[in-house]
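Below: the structure, in structure tokens.
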Amino acid sequence: HPWTDIFFVTVWREKKDSFQLVDIEVFNGDTVRGRKISEVELVPYWVRGKGFVPLRIAKAVAESIRAAESRFDTSSGALFRDRVGDKTQYPSCLLMLYSYIRVQAMYKEEVEKGNKVFAATDARVSQFLEDAQRGDLKKCLKQAKETIPTVKDTLKAMPTIWFSLLDQVGFYNAGDMQFIFLSPVINATGCVSLMFDNSKGKAKLRRIDLIDYAGAYKILANSTNKEPAH
């Protein structure tokens, strides 16, 4: 879960013609990526990165998945909790989860209080979803002039039902820019990023991005000269 930087790990056992859930655990992303619990930062990995925000998210997810595959490699024979090392991770995970919930709540509070910028942004997000679910993104894409052509073509080709599955999962302020992230409630293999320019006190949609987790994973796997795990 990139927004909280928490891994939710499930263990399944094959039983006849099906699988049975036998164990569940949560881990802080930093420990899966190799840090000790004493070195954990209570800020999601992608927030600490540099560069264009949607690329940070894609890179953070890809690096985290690669780290998890290495960390939980079953060929080692070790119990999966022992592979991470630090076992007392609930406090840090709870703090990360609380921080995420608080930030999401703060956004809603600002909208409800009538904060002009937040209210305008929220209205633009709702309009984007309504237009997308109708299959008419012409107006939004005209406004979002910095959207790259391939993303425009992909958005136009997406089935309208996919947009009905989107829910707001995060927001991020970067100076005069505000990013809103929308993710499918099921099968979240990526998300939509809406970038708004608030420099003049208005929420002007400047760019739409599709953050493809699988695509970022493949790029990282190829750059490290390793085949993606199956």
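Letters A, B, ... go to the chains of the structure tokens in the order shown; residues in each chain start at 1; ligands are counted from 1 in the same order.
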Practice prompt. Write out as a list of chain:residue names which residues come within 8 Å of Leu166 of chain A when counting only C-alpha atoms, dropping same-chain ones fewer than 4 positions away.
Written response: A:Trp162, A:Leu182, A:Ser183, A:Pro184, A:Val185
Produce a table with one row for each residue of segment 135-159 of chain A that has an atom at most 12 Å from any atom of segment 190-201 of chain A, each row naming the nearest atom pair and its distance in Å at one decimal; use only C-alpha atoms; arrange rows by chain and rising residue number; format as a Markdown table.
| residue | atom | partner | partner_atom | distance |
| --- | --- | --- | --- | --- |
| A:Cys140 | CA | A:Leu194 | CA | 10.5 |
| A:Leu141 | CA | A:Leu194 | CA | 11.0 |
| A:Gln143 | CA | A:Phe196 | CA | 10.4 |
| A:Ala144 | CA | A:Met195 | CA | 8.4 |
| A:Lys145 | CA | A:Met195 | CA | 10.9 |
| A:Glu146 | CA | A:Met195 | CA | 9.5 |
| A:Thr147 | CA | A:Met195 | CA | 9.6 |
| A:Val151 | CA | A:Val192 | CA | 10.3 |
| A:Thr154 | CA | A:Val192 | CA | 11.6 |
| A:Leu155 | CA | A:Val192 | CA | 9.8 |
*asked:* Applying 8 Å and only C-alpha atoms, which residues near segment 122-127 of chain A remain after dropping the ones on its own chain fewer than 3 positions away? List them as a PyMOL selection string.
replied: chain A and resi 111+118-119+130-131+180+194+203+205
Would you export the selected residues with C-alpha atoms as a PDB file, in the first residue's frame, please?
ATOM      1  CA  VAL A 111     -13.430  21.155   1.669  1.00  0.00           C
ATOM      2  CA  PHE A 118      -9.632  22.721  -1.720  1.00  0.00           C
ATOM      3  CA  ALA A 119     -13.325  23.110  -2.571  1.00  0.00           C
ATOM      4  CA  GLU A 130     -18.503  12.323 -13.948  1.00  0.00           C
ATOM      5  CA  ASP A 131     -17.154  13.103 -17.425  1.00  0.00           C
ATOM      6  CA  ILE A 180      -4.972  14.152  -6.335  1.00  0.00           C
ATOM      7  CA  LEU A 194      -4.580  14.775 -11.431  1.00  0.00           C
ATOM      8  CA  ALA A 203      -7.770  24.790  -9.085  1.00  0.00           C
ATOM      9  CA  LEU A 205      -6.272  21.111 -14.067  1.00  0.00           C
TER      10      LEU A 205
END
Write out as a list of chain:residue names the residues lying within 12 Å of Pro91 of chain A, counting only C-alpha atoms and excluding same-chain residues fewer than 3 positions away.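 In the requested form, the answer reads A:Ile6, A:Val26, A:Phe27, A:Asn28, A:Ile37, A:Ser38, A:Val40, A:Leu42, A:Lys87, A:Thr88, A:Leu94, A:Leu95, A:Met96, A:Leu97, A:Tyr98.
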Could you save the residues just selected, with N, CA, C and O atoms, as a PDB file, in the first residue's frame?
ATOM      1  N   ILE A   6       2.924   0.513   3.875  1.00  0.00           N
ATOM      2  CA  ILE A   6       2.779  -0.674   4.715  1.00  0.00           C
ATOM      3  C   ILE A   6       2.544  -1.897   3.825  1.00  0.00           C
ATOM      4  O   ILE A   6       1.752  -1.841   2.877  1.00  0.00           O
ATOM      5  N   VAL A  26       1.643  -7.572   9.020  1.00  0.00           N
ATOM      6  CA  VAL A  26       1.930  -6.277   8.404  1.00  0.00           C
ATOM      7  C   VAL A  26       3.377  -5.902   8.696  1.00  0.00           C
ATOM      8  O   VAL A  26       3.917  -6.220   9.759  1.00  0.00           O
ATOM      9  N   PHE A  27       4.007  -5.238   7.727  1.00  0.00           N
ATOM     10  CA  PHE A  27       5.390  -4.797   7.879  1.00  0.00           C
ATOM     11  C   PHE A  27       5.524  -3.362   7.383  1.00  0.00           C
ATOM     12  O   PHE A  27       4.878  -2.962   6.413  1.00  0.00           O
ATOM     13  N   ASN A  28       6.364  -2.609   8.047  1.00  0.00           N
ATOM     14  CA  ASN A  28       6.690  -1.268   7.577  1.00  0.00           C
ATOM     15  C   ASN A  28       7.534  -1.385   6.310  1.00  0.00           C
ATOM     16  O   ASN A  28       8.438  -2.215   6.231  1.00  0.00           O
ATOM     17  N   ILE A  37      14.234  -1.408  12.339  1.00  0.00           N
ATOM     18  CA  ILE A  37      13.055  -0.708  12.834  1.00  0.00           C
ATOM     19  C   ILE A  37      13.433   0.637  13.449  1.00  0.00           C
ATOM     20  O   ILE A  37      12.674   1.608  13.392  1.00  0.00           O
ATOM     21  N   SER A  38      14.639   0.734  14.004  1.00  0.00           N
ATOM     22  CA  SER A  38      15.095   1.986  14.614  1.00  0.00           C
ATOM     23  C   SER A  38      15.415   3.046  13.561  1.00  0.00           C
ATOM     24  O   SER A  38      15.558   4.227  13.883  1.00  0.00           O
ATOM     25  N   VAL A  40      13.490   3.432  10.753  1.00  0.00           N
ATOM     26  CA  VAL A  40      12.279   3.678   9.976  1.00  0.00           C
ATOM     27  C   VAL A  40      11.902   5.156   9.997  1.00  0.00           C
ATOM     28  O   VAL A  40      11.987   5.827  11.025  1.00  0.00           O
ATOM     29  N   LEU A  42       8.806   7.767   9.394  1.00  0.00           N
ATOM     30  CA  LEU A  42       7.348   7.720   9.432  1.00  0.00           C
ATOM     31  C   LEU A  42       6.729   8.589   8.340  1.00  0.00           C
ATOM     32  O   LEU A  42       5.752   9.316   8.561  1.00  0.00           O
ATOM     33  N   LYS A  87      10.627  -7.749  14.582  1.00  0.00           N
ATOM     34  CA  LYS A  87       9.278  -8.299  14.706  1.00  0.00           C
ATOM     35  C   LYS A  87       8.270  -7.315  15.291  1.00  0.00           C
ATOM     36  O   LYS A  87       7.069  -7.477  15.113  1.00  0.00           O
ATOM     37  N   THR A  88       8.741  -6.304  16.012  1.00  0.00           N
ATOM     38  CA  THR A  88       7.837  -5.356  16.662  1.00  0.00           C
ATOM     39  C   THR A  88       7.565  -4.162  15.754  1.00  0.00           C
ATOM     40  O   THR A  88       8.107  -3.091  15.938  1.00  0.00           O
ATOM     41  N   LEU A  94       1.031   1.427  12.787  1.00  0.00           N
ATOM     42  CA  LEU A  94      -0.138   2.171  13.266  1.00  0.00           C
ATOM     43  C   LEU A  94       0.050   3.673  13.098  1.00  0.00           C
ATOM     44  O   LEU A  94      -0.882   4.399  12.728  1.00  0.00           O
ATOM     45  N   LEU A  95       1.272   4.147  13.359  1.00  0.00           N
ATOM     46  CA  LEU A  95       1.553   5.566  13.194  1.00  0.00           C
ATOM     47  C   LEU A  95       1.455   5.978  11.735  1.00  0.00           C
ATOM     48  O   LEU A  95       0.933   7.052  11.407  1.00  0.00           O
ATOM     49  N   MET A  96       1.955   5.131  10.824  1.00  0.00           N
ATOM     50  CA  MET A  96       1.865   5.424   9.392  1.00  0.00           C
ATOM     51  C   MET A  96       0.406   5.442   8.947  1.00  0.00           C
ATOM     52  O   MET A  96      -0.016   6.311   8.179  1.00  0.00           O
ATOM     53  N   LEU A  97      -0.364   4.472   9.435  1.00  0.00           N
ATOM     54  CA  LEU A  97      -1.776   4.395   9.077  1.00  0.00           C
ATOM     55  C   LEU A  97      -2.547   5.598   9.624  1.00  0.00           C
ATOM     56  O   LEU A  97      -3.364   6.202   8.925  1.00  0.00           O
ATOM     57  N   TYR A  98      -2.257   5.970  10.880  1.00  0.00           N
ATOM     58  CA  TYR A  98      -2.923   7.122  11.476  1.00  0.00           C
ATOM     59  C   TYR A  98      -2.606   8.396  10.703  1.00  0.00           C
ATOM     60  O   TYR A  98      -3.485   9.221  10.453  1.00  0.00           O
TER      61      TYR A  98
END
- as a PyMOL selection string, list the residues of segment 2-230 of chain A assigned to helix (DSSP H, G or I) by DSSP on the backbone atoms of this structure. chain A and resi 29-32+37-39+45-48+53-71+74-76+80-84+90-113+116-134+138-143+149-157+160-164+213-223
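Going from atom CA of Lys218 of chain A to atom CA of Pro54 of chain A covers 16.6 Å.
In this structure, atom CA of Arg48 of chain A sits 14.7 Å away from atom CA of Phe171 of chain A.
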Using Å and a single decimal, report how far atom CA of Asp73 of chain A sits from atom CA of Gln20 of chain A.
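Going from atom CA of Gln20 of chain A over to atom CA of Asp73 of chain A covers 19.9 Å.
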